[in-house]
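Just work22.txt here, compact mmCIF, C-alpha atoms and all ligand atoms:
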```
# COMPACT_ATOMS: atom_id res chain seq x y z
CA MET A 167 -61.54 17.15 -28.59
CA LYS A 168 -61.09 16.33 -32.26
CA LYS A 169 -62.81 13.33 -33.77
CA SER A 170 -59.48 11.82 -34.89
CA THR A 171 -58.06 12.18 -31.34
CA ILE A 172 -61.11 10.44 -29.84
CA LEU A 173 -60.80 7.63 -32.39
CA ALA A 174 -57.06 7.28 -31.63
CA LEU A 175 -57.75 7.15 -27.88
CA LEU A 176 -60.50 4.57 -28.38
CA PHE A 177 -58.23 2.50 -30.61
CA CYS A 178 -55.33 2.66 -28.16
CA SER A 179 -57.43 1.87 -25.11
CA ALA A 180 -58.95 -1.05 -27.03
CA ILE A 181 -55.53 -2.63 -27.50
CA SER A 182 -54.26 -1.41 -24.11
CA ILE A 183 -51.51 0.84 -25.48
CA PRO A 184 -51.26 4.08 -23.55
CA ILE A 185 -50.85 7.18 -25.66
CA HIS A 186 -49.14 10.31 -24.37
CA ALA A 187 -51.09 13.42 -25.23
CA ASP A 188 -47.81 15.32 -25.66
CA THR A 189 -46.16 12.75 -27.96
CA ARG A 190 -45.85 14.01 -31.50
CA PRO A 191 -44.18 12.28 -34.45
CA ASP A 192 -42.20 15.44 -35.22
CA ASP A 193 -40.91 15.72 -31.64
CA HIS A 194 -38.00 13.68 -32.87
CA ALA A 195 -35.95 15.00 -35.79
CA PRO A 196 -35.60 13.02 -39.03
CA ILE A 197 -33.91 9.72 -38.13
CA GLY A 198 -30.66 10.65 -39.91
CA VAL A 199 -30.03 13.23 -37.16
CA ILE A 200 -28.66 11.88 -33.89
CA ASN A 201 -28.83 13.30 -30.35
CA GLU A 202 -31.46 15.80 -31.47
CA HIS A 203 -33.89 15.40 -28.58
CA THR A 204 -33.65 15.14 -24.82
CA HIS A 205 -35.74 13.32 -22.22
CA SER A 206 -37.52 14.20 -19.03
CA LYS A 207 -36.33 13.02 -15.61
CA GLY A 208 -36.35 9.23 -15.22
CA GLU A 209 -37.06 8.40 -18.87
CA PHE A 210 -35.19 5.66 -20.73
CA MET A 211 -35.18 5.21 -24.47
CA LEU A 212 -33.95 2.30 -26.54
CA SER A 213 -33.14 2.79 -30.19
CA TYR A 214 -32.02 0.88 -33.22
CA ARG A 215 -30.94 2.30 -36.56
CA TYR A 216 -30.10 0.50 -39.75
CA MET A 217 -28.09 2.50 -42.25
CA SER A 218 -27.21 1.55 -45.74
CA MET A 219 -25.01 3.50 -48.11
CA SER A 220 -23.21 2.89 -51.33
CA LYS A 221 -20.52 4.56 -53.38
CA SER A 222 -19.58 4.19 -57.01
CA ASP A 223 -17.98 6.13 -59.86
CA LEU A 224 -15.05 8.37 -59.21
CA ARG A 225 -14.47 11.97 -58.43
CA GLN A 226 -11.25 13.96 -58.34
CA ASP A 227 -11.41 17.27 -56.47
CA SER A 228 -14.63 18.82 -57.78
CA HIS A 229 -14.98 16.97 -61.09
CA ASP A 230 -15.80 13.44 -62.21
CA THR A 231 -13.04 11.15 -63.40
CA SER A 232 -12.78 7.65 -64.88
CA ALA A 233 -11.24 4.42 -63.58
CA ASP A 234 -8.88 4.42 -66.60
CA SER A 235 -7.52 7.82 -65.79
CA VAL A 236 -7.10 6.89 -62.09
CA ARG A 237 -5.15 3.78 -63.17
CA GLU A 238 -2.63 6.01 -64.96
CA THR A 239 -1.47 7.01 -61.47
CA TYR A 240 -2.47 4.05 -59.31
CA MET A 241 -2.28 0.28 -59.87
CA MET A 242 -5.95 -0.13 -59.00
CA ALA A 243 -9.10 1.96 -59.02
CA PRO A 244 -12.06 1.39 -56.67
CA THR A 245 -15.30 0.75 -58.56
CA ASP A 246 -17.92 0.11 -55.91
CA MET A 247 -18.40 0.19 -52.15
CA GLU A 248 -21.35 -0.94 -50.03
CA MET A 249 -21.65 -0.22 -46.36
CA SER A 250 -24.32 -1.16 -43.85
CA MET A 251 -24.45 -0.36 -40.18
CA HIS A 252 -26.57 -1.42 -37.21
CA MET A 253 -26.62 1.12 -34.40
CA PHE A 254 -27.97 0.37 -30.92
CA GLY A 255 -28.58 3.19 -28.49
CA VAL A 256 -29.74 3.85 -24.95
CA MET A 257 -30.77 7.25 -23.64
CA TYR A 258 -31.40 8.06 -20.00
CA ALA A 259 -32.24 11.29 -18.25
CA PRO A 260 -31.27 11.38 -14.53
CA ASN A 261 -32.88 14.82 -14.37
CA ASP A 262 -34.69 17.29 -16.62
CA ARG A 263 -31.50 19.12 -17.50
CA THR A 264 -29.26 16.22 -18.55
CA THR A 265 -29.79 13.28 -20.88
CA TYR A 266 -27.07 10.68 -21.44
CA ALA A 267 -26.83 8.71 -24.66
CA VAL A 268 -24.66 5.67 -25.39
CA MET A 269 -24.42 4.24 -28.86
CA VAL A 270 -22.67 1.12 -30.13
CA SER A 271 -22.61 -0.11 -33.68
CA THR A 272 -21.58 -2.92 -35.96
CA SER A 273 -20.85 -2.37 -39.60
CA GLU A 274 -20.08 -4.28 -42.75
CA LYS A 275 -18.05 -2.85 -45.62
CA ASP A 276 -17.54 -4.35 -49.03
CA MET A 277 -15.30 -2.80 -51.66
CA THR A 278 -14.55 -3.77 -55.25
CA MET A 279 -11.40 -2.65 -57.05
CA GLU A 280 -10.25 -3.17 -60.59
CA ASN A 281 -6.66 -3.32 -61.82
CA LYS A 282 -5.14 -2.24 -65.16
CA MET A 283 -5.91 -5.64 -66.71
CA GLY A 284 -9.59 -5.25 -65.82
CA VAL A 285 -9.40 -7.93 -63.11
CA SER A 286 -11.53 -7.07 -60.11
CA SER A 287 -10.96 -7.99 -56.48
CA HIS A 288 -13.12 -7.66 -53.37
CA SER A 289 -12.34 -6.87 -49.80
CA GLN A 290 -14.74 -7.11 -46.92
CA THR A 291 -14.69 -6.15 -43.25
CA SER A 292 -17.27 -6.43 -40.52
CA GLY A 293 -17.45 -5.94 -36.78
CA MET A 294 -17.94 -3.47 -33.95
CA GLY A 295 -17.48 0.26 -34.51
CA ASP A 296 -16.40 2.94 -32.04
CA ILE A 297 -18.61 3.52 -28.98
CA LYS A 298 -20.12 6.96 -28.45
CA ILE A 299 -21.00 8.40 -25.06
CA THR A 300 -22.79 11.72 -25.08
CA ALA A 301 -24.24 14.17 -22.57
CA LEU A 302 -27.06 16.43 -23.74
CA THR A 303 -27.60 19.55 -21.68
CA THR A 304 -30.96 21.28 -21.95
CA LEU A 305 -30.72 25.06 -21.95
CA LEU A 306 -34.29 25.79 -22.98
CA LYS A 307 -37.37 23.58 -23.19
CA THR A 308 -40.78 25.13 -23.67
CA ASP A 309 -43.81 24.12 -25.73
CA THR A 310 -42.48 26.07 -28.67
CA GLN A 311 -38.68 26.02 -28.37
CA ARG A 312 -35.92 23.62 -27.39
CA LEU A 313 -32.22 24.18 -27.18
CA HIS A 314 -29.61 21.73 -25.98
CA LEU A 315 -25.86 21.30 -26.07
CA ILE A 316 -24.19 18.09 -27.19
CA ASN A 317 -20.91 16.99 -25.64
CA GLY A 318 -19.56 13.55 -26.26
CA LEU A 319 -16.69 11.17 -26.56
CA SER A 320 -16.08 8.52 -29.17
CA LEU A 321 -13.98 5.67 -27.78
CA PRO A 322 -11.93 3.51 -30.14
CA LEU A 323 -13.65 0.16 -29.85
CA GLY A 324 -13.68 -0.46 -33.60
CA SER A 325 -10.80 -2.32 -35.22
CA ILE A 326 -8.15 -0.51 -37.26
CA ASP A 327 -6.31 -3.80 -37.80
CA GLU A 328 -8.41 -5.13 -40.67
CA LYS A 329 -6.20 -6.98 -43.15
CA SER A 330 -6.36 -8.83 -46.41
CA VAL A 331 -3.57 -11.21 -47.47
CA GLY A 332 -1.37 -9.99 -44.64
CA THR A 333 -1.65 -6.31 -45.60
CA ARG A 334 -3.62 -3.73 -43.69
CA LEU A 335 -6.68 -2.64 -45.71
CA PRO A 336 -7.15 1.00 -46.82
CA TYR A 337 -8.22 3.57 -44.22
CA GLY A 338 -11.85 3.61 -45.38
CA MET A 339 -12.22 -0.14 -44.89
CA GLN A 340 -11.26 -0.03 -41.20
CA LEU A 341 -14.10 -0.27 -38.67
CA GLY A 342 -12.98 2.35 -36.17
CA SER A 343 -10.91 5.51 -35.95
CA GLY A 344 -8.38 4.25 -33.42
CA THR A 345 -8.53 7.62 -31.65
CA VAL A 346 -10.45 9.12 -28.75
CA ASP A 347 -12.58 11.77 -30.43
CA LEU A 348 -14.53 14.69 -29.02
CA LYS A 349 -17.95 15.68 -30.25
CA THR A 350 -19.53 18.99 -29.51
CA GLY A 351 -22.60 20.66 -30.90
CA VAL A 352 -25.94 22.30 -30.43
CA THR A 353 -29.54 21.52 -31.44
CA TYR A 354 -32.29 24.09 -31.68
CA VAL A 355 -35.90 23.20 -32.49
CA THR A 356 -38.98 25.39 -32.80
CA ARG A 357 -42.39 23.79 -32.63
CA LYS A 358 -45.69 24.97 -34.02
CA ASP A 359 -49.16 23.45 -34.02
CA LYS A 360 -48.57 20.85 -36.71
CA GLY A 361 -44.89 21.00 -37.45
CA SER A 362 -41.40 21.81 -36.33
CA THR A 363 -38.16 23.26 -37.64
CA GLY A 364 -34.73 22.29 -36.41
CA LEU A 365 -31.09 23.06 -36.71
CA GLN A 366 -28.15 21.03 -35.50
CA SER A 367 -24.46 21.74 -35.80
CA LEU A 368 -21.91 19.19 -34.74
CA LEU A 369 -18.14 19.19 -34.61
CA THR A 370 -16.01 16.03 -34.35
CA LEU A 371 -12.49 16.76 -33.18
CA ARG A 372 -9.78 14.15 -33.20
CA PRO A 373 -6.90 15.60 -31.18
CA GLY A 374 -4.58 12.57 -31.04
CA LEU A 375 -3.11 10.00 -33.41
CA ASN A 376 -3.85 6.28 -33.22
CA LYS A 377 -1.34 3.46 -32.67
CA TYR A 378 -0.42 3.44 -36.38
CA GLY A 379 0.34 7.15 -36.34
CA TYR A 380 -2.67 8.65 -38.08
CA ALA A 381 -6.04 10.21 -37.31
CA PHE A 382 -9.07 10.76 -39.51
CA GLY A 383 -9.81 14.42 -40.19
CA HIS A 384 -11.85 16.75 -38.04
CA LYS A 385 -15.44 17.00 -39.21
CA GLY A 386 -18.09 19.71 -39.10
CA GLU A 387 -21.74 19.13 -39.96
CA VAL A 388 -24.79 21.36 -40.13
CA SER A 389 -28.30 19.98 -40.59
CA ALA A 390 -31.53 21.92 -41.01
CA TRP A 391 -34.94 20.31 -41.24
CA LYS A 392 -38.61 21.03 -41.44
CA ALA A 393 -41.20 18.45 -40.40
CA GLN A 394 -44.94 18.59 -40.92
CA GLN A 395 -47.57 16.36 -39.32
CA LEU A 396 -49.62 14.45 -41.89
CA ASN A 397 -51.90 13.21 -39.13
CA HIS A 398 -51.73 12.57 -35.39
CA HIS A 399 -49.27 9.69 -35.79
CA THR A 400 -47.15 10.53 -38.80
CA SER A 401 -44.96 13.41 -39.91
CA ALA A 402 -43.00 13.97 -43.09
CA SER A 403 -39.72 15.85 -43.21
CA LEU A 404 -37.31 17.52 -45.56
CA ARG A 405 -33.74 18.08 -44.47
CA THR A 406 -30.57 19.47 -45.88
CA SER A 407 -27.18 18.75 -44.46
CA TYR A 408 -23.69 19.94 -45.23
CA SER A 409 -20.57 18.26 -43.92
CA LEU A 410 -16.93 19.13 -44.25
CA GLN A 411 -14.17 16.73 -43.27
CA SER A 412 -10.44 17.34 -43.53
CA GLY A 413 -7.97 14.70 -44.73
CA ILE A 414 -6.06 12.21 -42.61
CA ARG A 415 -3.34 13.58 -40.35
CA GLY A 416 -0.19 11.54 -40.01
CA GLU A 417 0.08 8.31 -41.99
CA ASP A 418 -0.13 4.55 -41.67
CA ALA A 419 3.38 3.72 -42.91
CA SER A 420 2.30 0.24 -44.04
CA GLN A 421 0.00 1.63 -46.76
CA ASN A 422 1.42 1.40 -50.28
CA THR A 423 0.15 4.67 -51.72
CA ALA A 424 0.91 3.62 -55.32
CA MET A 425 -1.63 0.80 -55.00
CA SER A 426 -4.91 2.76 -54.86
CA PRO A 427 -6.19 6.24 -53.94
CA GLY A 428 -7.81 4.84 -50.78
CA ARG A 429 -4.34 4.13 -49.40
CA THR A 430 -3.33 7.79 -49.48
CA THR A 431 -4.19 10.21 -46.69
CA GLU A 432 -6.21 12.37 -49.08
CA ASN A 433 -9.70 11.47 -47.96
CA GLY A 434 -11.20 14.81 -46.96
CA GLN A 435 -14.50 15.77 -48.49
CA SER A 436 -17.39 18.19 -48.45
CA LEU A 437 -20.87 16.90 -49.07
CA LEU A 438 -24.25 18.54 -49.42
CA VAL A 439 -27.30 16.26 -49.21
CA LEU A 440 -31.05 16.66 -49.43
CA ALA A 441 -33.12 14.16 -47.44
CA ALA A 442 -36.76 13.17 -47.22
CA GLY A 443 -38.13 11.27 -44.25
CA LEU A 444 -41.13 9.94 -42.35
CA ASN A 445 -41.66 9.52 -38.58
CA THR A 446 -44.56 7.49 -37.32
CA ILE A 447 -45.79 6.53 -33.86
CA ILE A 448 -47.41 3.15 -33.34
CA GLY A 449 -48.44 2.76 -29.73
CA GLU A 450 -45.27 3.48 -27.76
CA HIS A 451 -43.02 2.72 -30.71
CA ARG A 452 -41.53 5.18 -33.14
CA LEU A 453 -40.64 3.98 -36.62
CA SER A 454 -38.75 6.25 -38.98
CA LEU A 455 -37.22 6.25 -42.41
CA GLU A 456 -35.07 8.78 -44.19
CA TYR A 457 -33.37 8.80 -47.56
CA SER A 458 -30.52 11.24 -48.25
CA HIS A 459 -29.47 12.09 -51.75
CA PRO A 460 -26.14 13.79 -52.51
CA ILE A 461 -26.54 17.17 -54.21
CA TYR A 462 -22.95 18.30 -54.32
CA GLU A 463 -19.72 16.60 -53.42
CA SER A 464 -16.17 17.83 -53.54
CA VAL A 465 -13.34 15.51 -52.55
CA GLN A 466 -9.67 15.69 -51.74
CA GLY A 467 -7.65 13.57 -54.18
CA VAL A 468 -9.54 10.72 -55.84
CA GLN A 469 -12.56 9.15 -54.15
CA MET A 470 -15.74 7.30 -55.01
CA LYS A 471 -18.98 9.28 -55.07
CA SER A 472 -21.85 8.77 -52.65
CA THR A 473 -24.93 7.45 -54.39
CA GLY A 474 -27.37 7.67 -51.49
CA PHE A 475 -27.93 6.93 -47.86
CA LEU A 476 -30.90 5.18 -46.27
CA VAL A 477 -31.67 5.11 -42.54
CA PHE A 478 -34.40 3.09 -40.86
CA GLY A 479 -35.01 3.57 -37.15
CA TRP A 480 -36.98 2.16 -34.25
CA GLN A 481 -37.26 3.94 -30.90
CA LEU A 482 -39.01 3.04 -27.68
CA ALA A 483 -39.24 5.34 -24.68
CA ILE A 484 -39.83 3.59 -21.36
CU CU B 501 -34.36 9.49 -26.92
```
Can the structure from this file be put into structure tokens for me?
Ligand SMILES: [Cu+2]
Amino acid sequence: MKKSTILALLFCSAISIPIHADTRPDDHAPIGVINEHTHSKGEFMLSYRYMSMSKSDLRQDSHDTSADSVRETYMMAPTDMEMSMHMFGVMYAPNDRTTYAVMVSTSEKDMTMENKMGVSSHSQTSGMGDIKITALTTLLKTDTQRLHLINGLSLPLGSIDEKSVGTRLPYGMQLGSGTVDLKTGVTYVTRKDKGSTGLQSLLTLRPGLNKYGYAFGHKGEVSAWKAQQLNHHTSASLRTSYSLQSGIRGEDASQNTAMSPGRTTENGQSLLVLAAGLNTIIGEHRLSLEYSHPIYESVQGVQMKSTGFLVFGWQLAI
């Protein structure tokens, strides 16, 4: 047995925290990836994620644009948006083949717009988001390889009725989708002595329209990561992710599309990010952090640009 393992065991027994010999920091993907691991029969896991993202400056199709030029077409141009989200999750495996995951969230969105006279205005929304119920089906689980399918539903718990001065706020300021959405995907992970490599692809399909006659676009995402153990408790990761989302189908007839670009249905986008993260195990707790930086972004119509995305996570398996 290695000296560091003996020291870790001594330390953990001294403070009465059991340590699982098969628990590795890189057994879980970077925290920005969700539903990327499964559990063994009878295991529960609680999780919490805090996400923070911001947007600023403007992009039109695949080039940058200015607020002045946007205000030649629209009455107002968005200048800044901040969004934070708290996500609470429970995972449970009734058997070795199936793991269920339920995730609820609350979010807060804050957007600043500026009109032609240079006067800015704020709008803010906060509350529950949509609830996600997922089944993970293990197809392969060995010491070196894991493969599981992801099949889930997103139920429209989040509000799409957010208003300001009697008018419904733009699509991006709403807290939910208003539609029952399907999620399907696959995760594949290979594991070596001191590190792992993973791939996840995920498709979000929104077959129906919500009560106001629109649906957010379908979305496809692919994430690939590589994690390396720095020591017994901590691993560092690099990840790249590409997502492609189509524009809104249908339309909320109450939106005045001359007001601002966020009121049009053109909100599709493709985004390539590069992310760096850390996973660490302290006793039975997992703490993780990941920062994603946009590398390339192409948007439909006029939209603000992502400036970065931070995720902090805590996980506890019982
Ligand atoms: Cu879990």
Atomic distance CA of Gly443 in chain A - CA of Leu476 in chain A, expressed in Å with one decimal: 9.7 Å
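CA of Val285 in chain A sits 17.0 Å away from CA of Val331 in chain A.
For the set A:Ile461, A:Leu348, A:Ile414, A:Ala483, the residue with the smallest atom-to-atom gap to ligand CU 501 (chain B) is A:Ala483, counting all atoms listed in the file.
Shortest atom-to-atom contact with Leu305 in chain A among A:Arg263, A:Gln411, A:Ser220, A:Gly386: A:Arg263, counting only C-alpha atoms.
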Compile a residue-level contact table for chain A against ligand CU 501 (chain B) at a cut-off of 7 Å, reporting for every qualifying residue the shortest atom pair and its distance in Å to one decimal, with all atoms listed in the file counted, rows ordered by chain and ascending number, as a Markdown table.
```
| residue | atom | partner | partner_atom | distance |
| --- | --- | --- | --- | --- |
| A:His203 | CA | B:CU501 | CU | 6.2 |
| A:Thr204 | CA | B:CU501 | CU | 6.1 |
| A:His205 | CA | B:CU501 | CU | 6.2 |
| A:Met211 | CA | B:CU501 | CU | 5.0 |
| A:Met257 | CA | B:CU501 | CU | 5.4 |
| A:Ala483 | CA | B:CU501 | CU | 6.8 |
```
Expected answer as a list of chain:residue names: all residues with atoms within 10 Å of (-8.6, 1.9, -50.8), all atoms listed in the file: A:Met242, A:Ala243, A:Pro244, A:Met277, A:Thr278, A:Met279, A:Ser289, A:Leu335, A:Pro336, A:Tyr337, A:Gly338, A:Met339, A:Gln421, A:Thr423, A:Met425, A:Ser426, A:Pro427, A:Gly428, A:Arg429, A:Thr430, A:Gln469, A:Met470
Selected residue of minimal separation from Lys307 in chain A among A:Gly293, A:Glu274, A:Asp262, A:Asp327, counting all atoms listed in the file: A:Asp262
Write out as CSV a residue-level contact list of range 221-327 of chain A versus range 349-361 of chain A with cut-off 10 Å: for each qualifying residue the closest pair of atoms and the distance in Å to one decimal, counting only C-alpha atoms, rows sorted by chain and residue number upward.
```
residue,atom,partner,partner_atom,distance
A:Lys298,CA,A:Lys349,CA,9.2
A:Ile299,CA,A:Lys349,CA,9.4
A:Thr300,CA,A:Lys349,CA,8.1
A:Ala301,CA,A:Thr350,CA,9.7
A:Leu302,CA,A:Val352,CA,9.0
A:Thr303,CA,A:Val352,CA,9.3
A:Thr304,CA,A:Thr353,CA,9.6
A:Leu305,CA,A:Tyr354,CA,9.9
A:Leu306,CA,A:Tyr354,CA,9.1
A:Lys307,CA,A:Val355,CA,9.4
A:Thr308,CA,A:Arg357,CA,9.2
A:Asp309,CA,A:Arg357,CA,7.1
A:Thr310,CA,A:Arg357,CA,4.6
A:Gln311,CA,A:Thr356,CA,4.5
A:Arg312,CA,A:Val355,CA,5.1
A:Leu313,CA,A:Tyr354,CA,4.5
A:His314,CA,A:Thr353,CA,5.5
A:Leu315,CA,A:Val352,CA,4.5
A:Ile316,CA,A:Gly351,CA,4.8
A:Asn317,CA,A:Thr350,CA,4.6
A:Gly318,CA,A:Lys349,CA,4.8
A:Leu319,CA,A:Lys349,CA,6.0
A:Ser320,CA,A:Lys349,CA,7.5
```
Polymer residues at most 9 Å from Pro196 in chain A, only C-alpha atoms, same-chain spacing of 4 or more positions, as number ranges by chain: A: 192, 200, 391-393, 402-405, 441-445, 454-456
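Separating CA of Arg225 in chain A from CA of Ser458 in chain A is a distance of 19.0 Å.
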Quick one: 4 Å padding each side, axis-aligned, all listed atoms of range 355-358 of chain A - centre and edge lengths in Å to one decimal, as lines of an AutoDock Vina configuration file?
```
center_x = -40.8
center_y = 24.3
center_z = -33.3
size_x = 17.8
size_y = 10.2
size_z = 9.5
```
Residues near Ser472 in chain A, cut-off 8 Å, only C-alpha atoms, skip fewer than 5 positions along chain, as a ChimeraX atom specification: /A:219-222,460
Nearest to Val465 in chain A by atom-to-atom distance, counting only C-alpha atoms, from A:Ser389, A:Thr239, A:Ser325, A:Ser412: A:Ser412
Nearest to Met294 in chain A, chosen from A:Met269, A:Asn261, A:Leu323, A:Asp276, with only C-alpha atoms counted in the distances: A:Leu323
Near-Gly295 in chain A list (12 Å; all atoms listed in the file; drop same-chain fewer than 4 positions) as a PyMOL selection string: chain A and resi 250-254+269-275+291+320-326+339-345
Test item: which residues lie within 9 Å of (-40.2, 8.8, -17.7) counting all atoms listed in the file, as a PyMOL selection string: chain A and resi 205-210+259+483-484
How about saving the chosen residues, C-alpha atoms kept, as a PDB file, in the frame of the given file?
```pdb
ATOM      1  CA  HIS A 205     -35.740  13.320 -22.220  1.00  0.00           C
ATOM      2  CA  SER A 206     -37.520  14.200 -19.030  1.00  0.00           C
ATOM      3  CA  LYS A 207     -36.330  13.020 -15.610  1.00  0.00           C
ATOM      4  CA  GLY A 208     -36.350   9.230 -15.220  1.00  0.00           C
ATOM      5  CA  GLU A 209     -37.060   8.400 -18.870  1.00  0.00           C
ATOM      6  CA  PHE A 210     -35.190   5.660 -20.730  1.00  0.00           C
ATOM      7  CA  ALA A 259     -32.240  11.290 -18.250  1.00  0.00           C
ATOM      8  CA  ALA A 483     -39.240   5.340 -24.680  1.00  0.00           C
ATOM      9  CA  ILE A 484     -39.830   3.590 -21.360  1.00  0.00           C
TER      10      ILE A 484
END
```
Proximity to Ala267 in chain A - best of A:Asn201, A:Thr406, A:Gln290, A:Ser228, all atoms listed in the file: A:Asn201
